[in-house]
file work04.txt (compact mmCIF, C-alpha atoms and all ligand atoms)
# COMPACT_ATOMS: atom_id res chain seq x y z
CA MET A 1 -13.64 -10.34 16.96
CA SER A 2 -11.75 -7.15 17.85
CA ASP A 3 -12.87 -3.74 16.64
CA PRO A 4 -11.97 -2.88 13.04
CA ILE A 5 -8.91 -0.70 12.56
CA LEU A 6 -10.31 0.89 9.39
CA VAL A 7 -13.93 1.39 8.40
CA THR A 8 -15.06 3.03 5.19
CA GLU A 9 -18.73 3.71 4.67
CA ASN A 10 -20.26 4.44 1.28
CA LEU A 11 -17.09 6.03 -0.06
CA GLU A 12 -17.50 7.64 -3.43
CA LYS A 13 -15.14 9.52 -5.75
CA ARG A 14 -16.27 11.27 -8.89
CA PHE A 15 -14.06 13.01 -11.43
CA GLY A 16 -16.49 15.20 -13.36
CA GLY A 17 -18.84 12.69 -14.96
CA VAL A 18 -16.62 9.67 -14.18
CA VAL A 19 -17.54 7.69 -11.08
CA ALA A 20 -14.17 6.16 -10.12
CA ALA A 21 -15.43 4.51 -6.93
CA SER A 22 -18.81 4.25 -5.25
CA GLU A 23 -20.55 2.52 -2.33
CA ILE A 24 -17.21 1.33 -0.94
CA SER A 25 -18.05 0.02 2.54
CA LEU A 26 -15.22 -2.01 3.96
CA SER A 27 -13.90 -2.94 7.42
CA LEU A 28 -10.33 -4.06 8.04
CA TYR A 29 -9.41 -5.86 11.25
CA PRO A 30 -6.10 -5.58 13.12
CA GLY A 31 -3.43 -7.92 11.77
CA GLU A 32 -5.33 -8.84 8.59
CA THR A 33 -3.63 -9.21 5.23
CA LEU A 34 -6.05 -8.25 2.51
CA ALA A 35 -5.62 -8.23 -1.28
CA VAL A 36 -7.52 -5.85 -3.53
CA ILE A 37 -8.03 -7.15 -7.05
CA GLY A 38 -9.80 -5.75 -10.10
CA SER A 39 -9.17 -5.08 -13.76
CA ASN A 40 -7.60 -1.83 -14.97
CA GLY A 41 -9.69 1.19 -14.03
CA ALA A 42 -11.79 -0.71 -11.43
CA GLY A 43 -11.13 1.93 -8.74
CA LYS A 44 -8.45 0.21 -6.62
CA THR A 45 -5.92 3.04 -6.58
CA THR A 46 -8.71 5.59 -6.12
CA PHE A 47 -9.74 3.72 -2.97
CA VAL A 48 -6.15 3.64 -1.63
CA ASN A 49 -5.74 7.33 -2.49
CA MET A 50 -8.84 8.23 -0.50
CA VAL A 51 -7.80 6.20 2.57
CA THR A 52 -4.30 7.73 2.55
CA GLY A 53 -5.48 11.32 2.03
CA TYR A 54 -4.21 11.77 -1.54
CA LEU A 55 -7.78 12.20 -2.79
CA LYS A 56 -10.72 13.70 -0.92
CA PRO A 57 -13.82 11.51 -1.21
CA SER A 58 -16.83 13.10 -2.95
CA SER A 59 -18.95 11.52 -0.21
CA GLY A 60 -18.82 8.83 2.47
CA THR A 61 -16.67 8.45 5.58
CA ILE A 62 -13.37 6.91 6.63
CA ARG A 63 -12.68 5.99 10.25
CA PHE A 64 -9.30 4.82 11.51
CA ARG A 65 -9.09 3.40 15.03
CA GLY A 66 -12.53 4.87 15.65
CA ARG A 67 -11.56 8.41 14.60
CA ASP A 68 -13.06 10.15 11.56
CA ILE A 69 -10.20 10.92 9.15
CA THR A 70 -12.31 11.65 6.07
CA GLY A 71 -10.56 14.27 3.94
CA SER A 72 -7.40 14.42 6.15
CA SER A 73 -4.17 15.36 4.34
CA PRO A 74 -1.60 12.67 3.47
CA ARG A 75 0.63 14.09 6.22
CA LYS A 76 -2.06 13.90 8.90
CA THR A 77 -3.05 10.43 7.74
CA ALA A 78 0.56 9.25 7.97
CA GLN A 79 0.87 10.78 11.44
CA ALA A 80 -2.25 8.88 12.50
CA GLY A 81 -0.50 5.61 11.53
CA ILE A 82 -1.44 4.88 7.91
CA ARG A 83 1.39 4.64 5.36
CA ARG A 84 1.58 3.52 1.77
CA SER A 85 3.80 2.63 -1.12
CA PHE A 86 3.14 3.70 -4.71
CA GLN A 87 2.86 1.85 -8.02
CA ILE A 88 5.94 3.78 -9.13
CA SER A 89 8.69 3.68 -6.48
CA GLN A 90 9.26 6.97 -4.64
CA ILE A 91 13.03 6.68 -4.40
CA PHE A 92 16.10 8.66 -5.47
CA PRO A 93 17.98 6.44 -7.95
CA GLN A 94 21.30 8.31 -7.70
CA LEU A 95 21.48 7.96 -3.89
CA THR A 96 22.40 4.80 -1.99
CA VAL A 97 19.88 2.50 -0.35
CA LEU A 98 20.88 3.76 3.12
CA GLU A 99 20.65 7.41 2.07
CA ASN A 100 17.15 6.84 0.74
CA VAL A 101 16.07 5.25 4.04
CA MET A 102 17.57 8.12 6.04
CA ILE A 103 15.67 10.63 3.93
CA ALA A 104 12.47 8.67 4.56
CA GLU A 105 13.25 8.79 8.29
CA ILE A 106 13.59 12.57 8.11
CA ALA A 107 10.28 12.81 6.25
CA ALA A 108 8.61 10.55 8.85
CA ALA A 109 10.00 12.77 11.65
CA ASP A 110 7.95 15.50 9.95
CA GLY A 111 10.55 18.25 10.19
CA LYS A 112 9.93 18.74 13.91
CA GLY A 113 12.99 20.35 15.52
CA GLY A 114 14.06 21.97 12.25
CA LEU A 115 17.53 21.45 10.85
CA ARG A 116 18.81 19.56 13.86
CA ARG A 117 16.19 16.86 13.28
CA ALA A 118 16.79 16.91 9.53
CA ALA A 119 20.50 16.14 9.90
CA LEU A 120 21.90 12.84 8.69
CA THR A 121 23.04 11.90 12.19
CA ASP A 122 24.77 8.73 13.36
CA ALA A 123 21.62 7.75 15.24
CA ARG A 124 19.59 8.10 12.07
CA MET A 125 22.14 6.01 10.22
CA GLN A 126 21.90 3.27 12.86
CA THR A 127 18.12 3.25 12.68
CA GLY A 128 18.37 3.17 8.88
CA ARG A 129 20.71 0.17 8.96
CA ALA A 130 18.33 -1.62 11.36
CA VAL A 131 15.41 -1.00 8.98
CA LEU A 132 17.43 -2.39 6.07
CA ASP A 133 18.43 -5.49 8.04
CA ARG A 134 14.80 -6.12 8.99
CA PHE A 135 13.81 -6.07 5.34
CA GLY A 136 16.75 -8.17 4.13
CA LEU A 137 18.39 -5.21 2.38
CA GLY A 138 21.50 -4.89 4.55
CA GLN A 139 23.93 -6.05 1.88
CA HIS A 140 22.72 -3.31 -0.48
CA SER A 141 23.13 -0.39 1.99
CA ASP A 142 25.90 1.39 0.09
CA THR A 143 24.73 0.63 -3.44
CA ALA A 144 23.21 3.34 -5.64
CA VAL A 145 19.51 2.46 -5.95
CA GLY A 146 19.41 3.03 -9.71
CA THR A 147 21.70 0.04 -10.27
CA LEU A 148 19.52 -2.45 -8.36
CA PRO A 149 16.94 -4.91 -9.77
CA GLN A 150 13.30 -3.78 -9.70
CA GLY A 151 12.39 -6.31 -6.95
CA ILE A 152 14.96 -4.80 -4.57
CA LYS A 153 13.78 -1.26 -5.39
CA LYS A 154 10.21 -2.23 -4.55
CA GLN A 155 11.40 -3.88 -1.33
CA LEU A 156 13.18 -0.65 -0.41
CA ASP A 157 10.11 1.43 -1.19
CA ILE A 158 8.05 -0.72 1.18
CA ALA A 159 10.76 -0.67 3.89
CA MET A 160 10.64 3.15 3.66
CA ALA A 161 6.86 3.13 4.06
CA ALA A 162 7.24 0.94 7.16
CA ILE A 163 9.49 3.39 9.05
CA ASN A 164 8.06 4.18 12.52
CA ASP A 165 5.95 1.01 12.44
CA PRO A 166 2.62 2.26 11.07
CA ALA A 167 -0.46 0.29 12.14
CA LEU A 168 -1.86 0.08 8.60
CA ILE A 169 0.14 -0.19 5.38
CA LEU A 170 -1.33 -0.03 1.89
CA LEU A 171 0.81 -1.27 -0.98
CA ASP A 172 -0.17 -0.26 -4.51
CA GLU A 173 0.90 -3.11 -6.79
CA PRO A 174 4.03 -4.12 -4.87
CA THR A 175 5.00 -6.68 -7.53
CA SER A 176 4.43 -4.56 -10.64
CA GLY A 177 7.48 -4.53 -12.88
CA VAL A 178 9.08 -7.31 -10.82
CA SER A 179 10.00 -10.47 -12.77
CA SER A 180 7.99 -13.59 -11.97
CA ASP A 181 11.13 -15.25 -10.56
CA GLU A 182 11.62 -12.42 -8.06
CA LYS A 183 8.00 -11.82 -7.01
CA ILE A 184 7.47 -14.50 -4.37
CA GLU A 185 10.79 -13.95 -2.64
CA MET A 186 10.23 -10.19 -2.66
CA MET A 187 6.79 -10.55 -1.08
CA GLU A 188 8.12 -12.96 1.54
CA ARG A 189 10.84 -10.51 2.44
CA VAL A 190 8.45 -7.60 2.93
CA ILE A 191 5.47 -9.35 4.45
CA ALA A 192 7.38 -11.24 7.17
CA PRO A 193 8.77 -8.11 8.93
CA LEU A 194 5.47 -6.23 8.55
CA LYS A 195 3.56 -9.14 10.09
CA ALA A 196 6.15 -9.49 12.85
CA ASP A 197 5.18 -5.93 13.82
CA ASP A 198 1.45 -6.82 13.78
CA ALA A 199 0.81 -4.37 10.96
CA THR A 200 -2.49 -4.58 9.11
CA LEU A 201 -1.73 -4.90 5.43
CA LEU A 202 -3.66 -4.19 2.25
CA PHE A 203 -2.10 -4.73 -1.14
CA ILE A 204 -3.35 -4.21 -4.68
CA GLU A 205 -2.32 -7.12 -6.87
CA HIS A 206 -2.88 -8.43 -10.40
CA ASP A 207 -1.07 -11.76 -9.95
CA MET A 208 -3.53 -14.32 -8.56
CA ASP A 209 -0.74 -16.66 -7.43
CA ILE A 210 0.58 -13.87 -5.20
CA VAL A 211 -2.94 -13.12 -3.95
CA THR A 212 -3.57 -16.78 -3.07
CA ARG A 213 -0.22 -17.18 -1.38
CA PHE A 214 -0.15 -14.01 0.74
CA ALA A 215 -3.70 -12.74 1.40
CA GLU A 216 -6.14 -14.49 3.71
CA ARG A 217 -8.94 -12.18 2.55
CA THR A 218 -9.60 -10.64 -0.86
CA VAL A 219 -11.81 -7.80 -2.04
CA ALA A 220 -12.67 -7.70 -5.74
CA PHE A 221 -13.47 -4.35 -7.37
CA TYR A 222 -15.45 -4.01 -10.57
CA GLU A 223 -16.43 -0.72 -12.20
CA GLY A 224 -15.77 1.25 -9.01
CA LYS A 225 -17.76 -1.04 -6.70
CA ILE A 226 -17.05 -4.01 -4.47
CA LEU A 227 -18.08 -7.15 -6.31
CA ALA A 228 -16.94 -9.67 -3.69
CA ASP A 229 -15.29 -9.68 -0.25
CA GLY A 230 -14.27 -12.78 1.73
CA PRO A 231 -11.70 -15.53 2.21
CA THR A 232 -9.35 -15.46 -0.79
CA ARG A 233 -10.07 -18.93 -2.18
CA GLU A 234 -13.84 -18.37 -1.99
CA VAL A 235 -13.65 -14.96 -3.69
CA LEU A 236 -11.37 -16.22 -6.46
CA SER A 237 -13.73 -19.08 -7.24
CA GLU A 238 -16.90 -16.94 -7.46
CA ASP A 239 -18.37 -16.97 -10.96
CA ASP A 240 -18.68 -13.17 -11.25
CA VAL A 241 -15.12 -12.67 -10.05
CA ARG A 242 -13.83 -15.20 -12.57
CA LYS A 243 -15.85 -13.59 -15.33
CA TYR A 244 -15.41 -9.87 -14.64
CA VAL A 245 -12.19 -9.62 -12.66
CA ILE A 246 -9.77 -12.46 -13.25
CA GLY A 247 -10.70 -12.67 -16.93
CA GLY A 248 -10.27 -8.91 -17.33
CA VAL A 249 -7.13 -8.39 -15.29
CA HIS A 250 -4.76 -8.26 -18.20
CA ALA A 251 -7.23 -6.56 -20.54
N1 LIG A 301 -7.36 12.08 -11.53
C1 LIG A 301 -8.30 11.48 -12.29
N2 LIG A 301 -9.04 12.20 -13.14
C2 LIG A 301 -10.01 11.61 -13.90
N3 LIG A 301 -10.31 10.29 -13.87
C3 LIG A 301 -9.58 9.53 -13.04
C4 LIG A 301 -8.54 10.07 -12.20
N4 LIG A 301 -7.99 9.05 -11.47
C5 LIG A 301 -8.65 7.94 -11.83
N5 LIG A 301 -9.61 8.22 -12.77
C6 LIG A 301 -10.54 7.25 -13.38
O1 LIG A 301 -11.16 6.53 -12.34
C7 LIG A 301 -11.31 5.16 -12.68
C8 LIG A 301 -10.63 4.29 -11.64
O2 LIG A 301 -9.20 4.47 -11.74
P1 LIG A 301 -8.17 3.77 -10.75
O3 LIG A 301 -6.81 4.32 -11.08
O4 LIG A 301 -8.65 3.88 -9.36
O5 LIG A 301 -8.26 2.25 -11.22
P2 LIG A 301 -7.38 0.99 -10.80
O6 LIG A 301 -8.33 -0.09 -10.44
O7 LIG A 301 -6.39 1.37 -9.77
O8 LIG A 301 -6.64 0.63 -12.18
P3 LIG A 301 -5.14 0.09 -12.50
O9 LIG A 301 -5.14 -1.38 -12.22
O10 LIG A 301 -5.03 0.37 -13.97
O11 LIG A 301 -4.17 0.87 -11.67
C9 LIG A 301 -10.74 5.01 -14.10
O12 LIG A 301 -11.82 5.13 -15.00
C10 LIG A 301 -9.81 6.18 -14.21
O13 LIG A 301 -9.66 6.59 -15.54

call {"tool": "encode", "arguments": {"input": "work04.txt", "output": "structure tokens"}}
result
Amino acid sequence: MSDPILVTENLEKRFGGVVAASEISLSLYPGETLAVIGSNGAGKTTFVNMVTGYLKPSSGTIRFRGRDITGSSPRKTAQAGIRRSFQISQIFPQLTVLENVMIAEIAAADGKGGLRRAALTDARMQTGRAVLDRFGLGQHSDTAVGTLPQGIKKQLDIAMAAINDPALILLDEPTSGVSSDEKIEMMERVIAPLKADDATLLFIEHDMDIVTRFAERTVAFYEGKILADGPTREVLSEDDVRKYVIGGVHA
């Protein structure tokens, strides 16, 4: 097996007296698609926030491609090749789909070169259109985002996170707020282009049908700790996971 792309060792995050996550030791391998499940408050988003630099761990280490990135800022983490999407889409509803992607391109370029780089150039527009085509969003390019269904907004949010082909993408509840009719198609549309680029993918998910369909491996969180980690079907059939995680998901 190849070397892991991401290794966390004994990660812990405390908020005052609350232990949001502890003893999180996890290795992700290149090209894997991994689901993170757990009931509300189990520590899933805290884990993603630590890996992406939005929260500094209280203790433990994070290594990405062999390099220690523990406590790095979100910007540095993104530059290293880790990107994410959020539970609530980070998009401008009054702007068009293409404008949103071009702004994400500018953000990904990190302001280098000042105003010249920040300009909405033809080249940037072409790249933006290519990104939208890859994610099946081409027909919505000139539509104001606020008028689109939730599934398309989420798809756009993920397409924006995938700009510059990061090696590792973490999606925080990509299907939340998306109707059950739209969910599968939306996931197919985002996962196919990410996999075509050999990205390693982790997604937090509450819908076990989506987990079974799209993740080959699943990690179950319970009360801030890893309760189970393995092939999806095995994890979902473990007694403790059925009792503490699947039973409590909608609690
Ligand atoms: N900024 C914070 N300050 C204090 N407590 C926090 C903070 N962020 C998270 N927590 C607590 O840490 C625990 C884990 O929260 P987290 O958001 O990681 O759970 P989750 O598994 O992502 O839940 P959900 O499915 O509801 O998003 C919860 O008890 C939560 O209240």

call {"tool": "residues_around", "arguments": {"input": "work04.txt", "residues": "A:Phe203", "least_positions_apart": "2", "cutoff": "12 Å", "atoms": "only C-alpha atoms", "output": "PyMOL selection string"}}
result
chain A and resi 32-38+44-45+47-48+83-87+158+168-176+187+190-191+200-201+205-207+210-211+214-220

call {"tool": "residues_around", "arguments": {"input": "work04.txt", "residues": "A:Val101", "least_positions_apart": "5", "cutoff": "12 Å", "atoms": "all atoms listed in the file", "output": "VMD selection string"}}
result
chain A and resid 90 to 92 95 to 96 106 to 108 120 124 to 133 135 137 to 138 140 to 142 145 153 155 to 164

call {"tool": "write_last_selection", "arguments": {"input": "work04.txt", "atoms": "C-alpha atoms", "output": "short mmCIF file (atom, residue, chain, number, x, y, z; two decimals), in the frame of the given file"}}
result
data_model
loop_
_atom_site.label_atom_id
_atom_site.label_comp_id
_atom_site.auth_asym_id
_atom_site.auth_seq_id
_atom_site.Cartn_x
_atom_site.Cartn_y
_atom_site.Cartn_z
CA GLN A 90 9.26 6.97 -4.64
CA ILE A 91 13.03 6.68 -4.40
CA PHE A 92 16.10 8.66 -5.47
CA LEU A 95 21.48 7.96 -3.89
CA THR A 96 22.40 4.80 -1.99
CA ILE A 106 13.59 12.57 8.11
CA ALA A 107 10.28 12.81 6.25
CA ALA A 108 8.61 10.55 8.85
CA LEU A 120 21.90 12.84 8.69
CA ARG A 124 19.59 8.10 12.07
CA MET A 125 22.14 6.01 10.22
CA GLN A 126 21.90 3.27 12.86
CA THR A 127 18.12 3.25 12.68
CA GLY A 128 18.37 3.17 8.88
CA ARG A 129 20.71 0.17 8.96
CA ALA A 130 18.33 -1.62 11.36
CA VAL A 131 15.41 -1.00 8.98
CA LEU A 132 17.43 -2.39 6.07
CA ASP A 133 18.43 -5.49 8.04
CA PHE A 135 13.81 -6.07 5.34
CA LEU A 137 18.39 -5.21 2.38
CA GLY A 138 21.50 -4.89 4.55
CA HIS A 140 22.72 -3.31 -0.48
CA SER A 141 23.13 -0.39 1.99
CA ASP A 142 25.90 1.39 0.09
CA VAL A 145 19.51 2.46 -5.95
CA LYS A 153 13.78 -1.26 -5.39
CA GLN A 155 11.40 -3.88 -1.33
CA LEU A 156 13.18 -0.65 -0.41
CA ASP A 157 10.11 1.43 -1.19
CA ILE A 158 8.05 -0.72 1.18
CA ALA A 159 10.76 -0.67 3.89
CA MET A 160 10.64 3.15 3.66
CA ALA A 161 6.86 3.13 4.06
CA ALA A 162 7.24 0.94 7.16
CA ILE A 163 9.49 3.39 9.05
CA ASN A 164 8.06 4.18 12.52
#

call {"tool": "closest_residue", "arguments": {"input": "work04.txt", "among": "A:Ile152, A:Leu55, A:Leu11, A:Leu26", "to": "ligand LIG 301 (chain A)", "atoms": "all atoms listed in the file"}}
result
A:Leu55

call {"tool": "atom_distance", "arguments": {"input": "work04.txt", "atom1": "atom CA of A:Asp68", "atom2": "atom CA of A:Ala80"}}
result
10.9 Å

call {"tool": "residues_near_ligand", "arguments": {"input": "work04.txt", "ligand": "ligand LIG 301 (chain A)", "cutoff": "7 Å", "atoms": "only C-alpha atoms and all ligand atoms", "output": "number ranges by chain"}}
result
A: 15, 18-21, 38-47, 224

call {"tool": "write_last_selection", "arguments": {"input": "work04.txt", "atoms": "C-alpha atoms", "output": "short mmCIF file (atom, residue, chain, number, x, y, z; two decimals), in the coordinates of the input"}}
result
data_model
loop_
_atom_site.label_atom_id
_atom_site.label_comp_id
_atom_site.auth_asym_id
_atom_site.auth_seq_id
_atom_site.Cartn_x
_atom_site.Cartn_y
_atom_site.Cartn_z
CA PHE A 15 -14.06 13.01 -11.43
CA VAL A 18 -16.62 9.67 -14.18
CA VAL A 19 -17.54 7.69 -11.08
CA ALA A 20 -14.17 6.16 -10.12
CA ALA A 21 -15.43 4.51 -6.93
CA GLY A 38 -9.80 -5.75 -10.10
CA SER A 39 -9.17 -5.08 -13.76
CA ASN A 40 -7.60 -1.83 -14.97
CA GLY A 41 -9.69 1.19 -14.03
CA ALA A 42 -11.79 -0.71 -11.43
CA GLY A 43 -11.13 1.93 -8.74
CA LYS A 44 -8.45 0.21 -6.62
CA THR A 45 -5.92 3.04 -6.58
CA THR A 46 -8.71 5.59 -6.12
CA PHE A 47 -9.74 3.72 -2.97
CA GLY A 224 -15.77 1.25 -9.01
#

call {"tool": "closest_residue", "arguments": {"input": "work04.txt", "among": "A:Asp122, A:Glu185, A:Asp229, A:Asp198", "to": "A:Val241", "atoms": "only C-alpha atoms"}}
result
A:Asp229

call {"tool": "residues_near_point", "arguments": {"input": "work04.txt", "point": "(9.2, -4.6, -16.9)", "cutoff": "12 Å", "atoms": "only C-alpha atoms", "output": "VMD selection string"}}
result
chain A and resid 88 149 to 151 175 to 180

call {"tool": "residues_near_point", "arguments": {"input": "work04.txt", "point": "(-6.8, -5.8, 16.6)", "cutoff": "6 Å", "atoms": "only C-alpha atoms", "output": "VMD selection string"}}
result
chain A and resid 2 29 to 30

call {"tool": "closest_residue", "arguments": {"input": "work04.txt", "among": "A:Gly230, A:Gly31, A:Glu188, A:Ser237", "to": "A:Arg213", "atoms": "only C-alpha atoms"}}
result
A:Glu188

call {"tool": "closest_residue", "arguments": {"input": "work04.txt", "among": "A:Ala109, A:Met102, A:Leu6, A:Leu194", "to": "A:Arg75", "atoms": "only C-alpha atoms"}}
result
A:Ala109

call {"tool": "atom_distance", "arguments": {"input": "work04.txt", "atom1": "atom CA of A:Ile62", "atom2": "atom CA of A:Val7"}}
result
5.8 Å

call {"tool": "atom_distance", "arguments": {"input": "work04.txt", "atom1": "atom CA of A:Ser72", "atom2": "atom CA of A:Lys56"}}
result
7.8 Å

call {"tool": "closest_residue", "arguments": {"input": "work04.txt", "among": "A:Gln94, A:Asn100, A:Thr121, A:Thr61", "to": "A:Gly146", "atoms": "only C-alpha atoms"}}
result
A:Gln94

call {"tool": "decode", "arguments": {"input": "work04.txt", "residues": "stretch 229-241 of chain A", "atoms": "N, CA and C atoms", "output": "compact mmCIF listing (two decimals), in the first residue's frame"}}
result
# COMPACT_ATOMS: atom_id res chain seq x y z
N ASP A 229 -13.78 2.05 12.24
CA ASP A 229 -13.10 2.51 11.03
C ASP A 229 -12.85 1.29 10.16
N GLY A 230 -13.39 1.27 8.94
CA GLY A 230 -13.17 0.12 8.07
C GLY A 230 -14.03 0.20 6.84
N PRO A 231 -14.10 -0.91 6.08
CA PRO A 231 -14.96 -0.94 4.89
C PRO A 231 -16.39 -0.56 5.28
N THR A 232 -17.04 0.25 4.44
CA THR A 232 -18.33 0.83 4.80
C THR A 232 -19.35 -0.19 5.28
N ARG A 233 -19.54 -1.27 4.52
CA ARG A 233 -20.60 -2.23 4.89
C ARG A 233 -20.32 -2.87 6.24
N GLU A 234 -19.02 -3.13 6.51
CA GLU A 234 -18.68 -3.74 7.81
C GLU A 234 -18.95 -2.77 8.95
N VAL A 235 -18.54 -1.50 8.76
CA VAL A 235 -18.74 -0.50 9.82
C VAL A 235 -20.23 -0.30 10.09
N LEU A 236 -21.01 -0.20 9.02
CA LEU A 236 -22.44 0.08 9.20
C LEU A 236 -23.19 -1.10 9.83
N SER A 237 -22.57 -2.30 9.78
CA SER A 237 -23.29 -3.42 10.39
C SER A 237 -22.78 -3.75 11.80
N GLU A 238 -21.78 -2.99 12.29
CA GLU A 238 -21.30 -3.23 13.66
C GLU A 238 -22.38 -2.86 14.67
N ASP A 239 -22.51 -3.68 15.70
CA ASP A 239 -23.57 -3.45 16.70
C ASP A 239 -23.48 -2.06 17.34
N ASP A 240 -22.26 -1.67 17.76
CA ASP A 240 -22.12 -0.37 18.44
C ASP A 240 -22.46 0.79 17.51
N VAL A 241 -22.09 0.63 16.24
CA VAL A 241 -22.39 1.71 15.28
C VAL A 241 -23.90 1.80 15.07
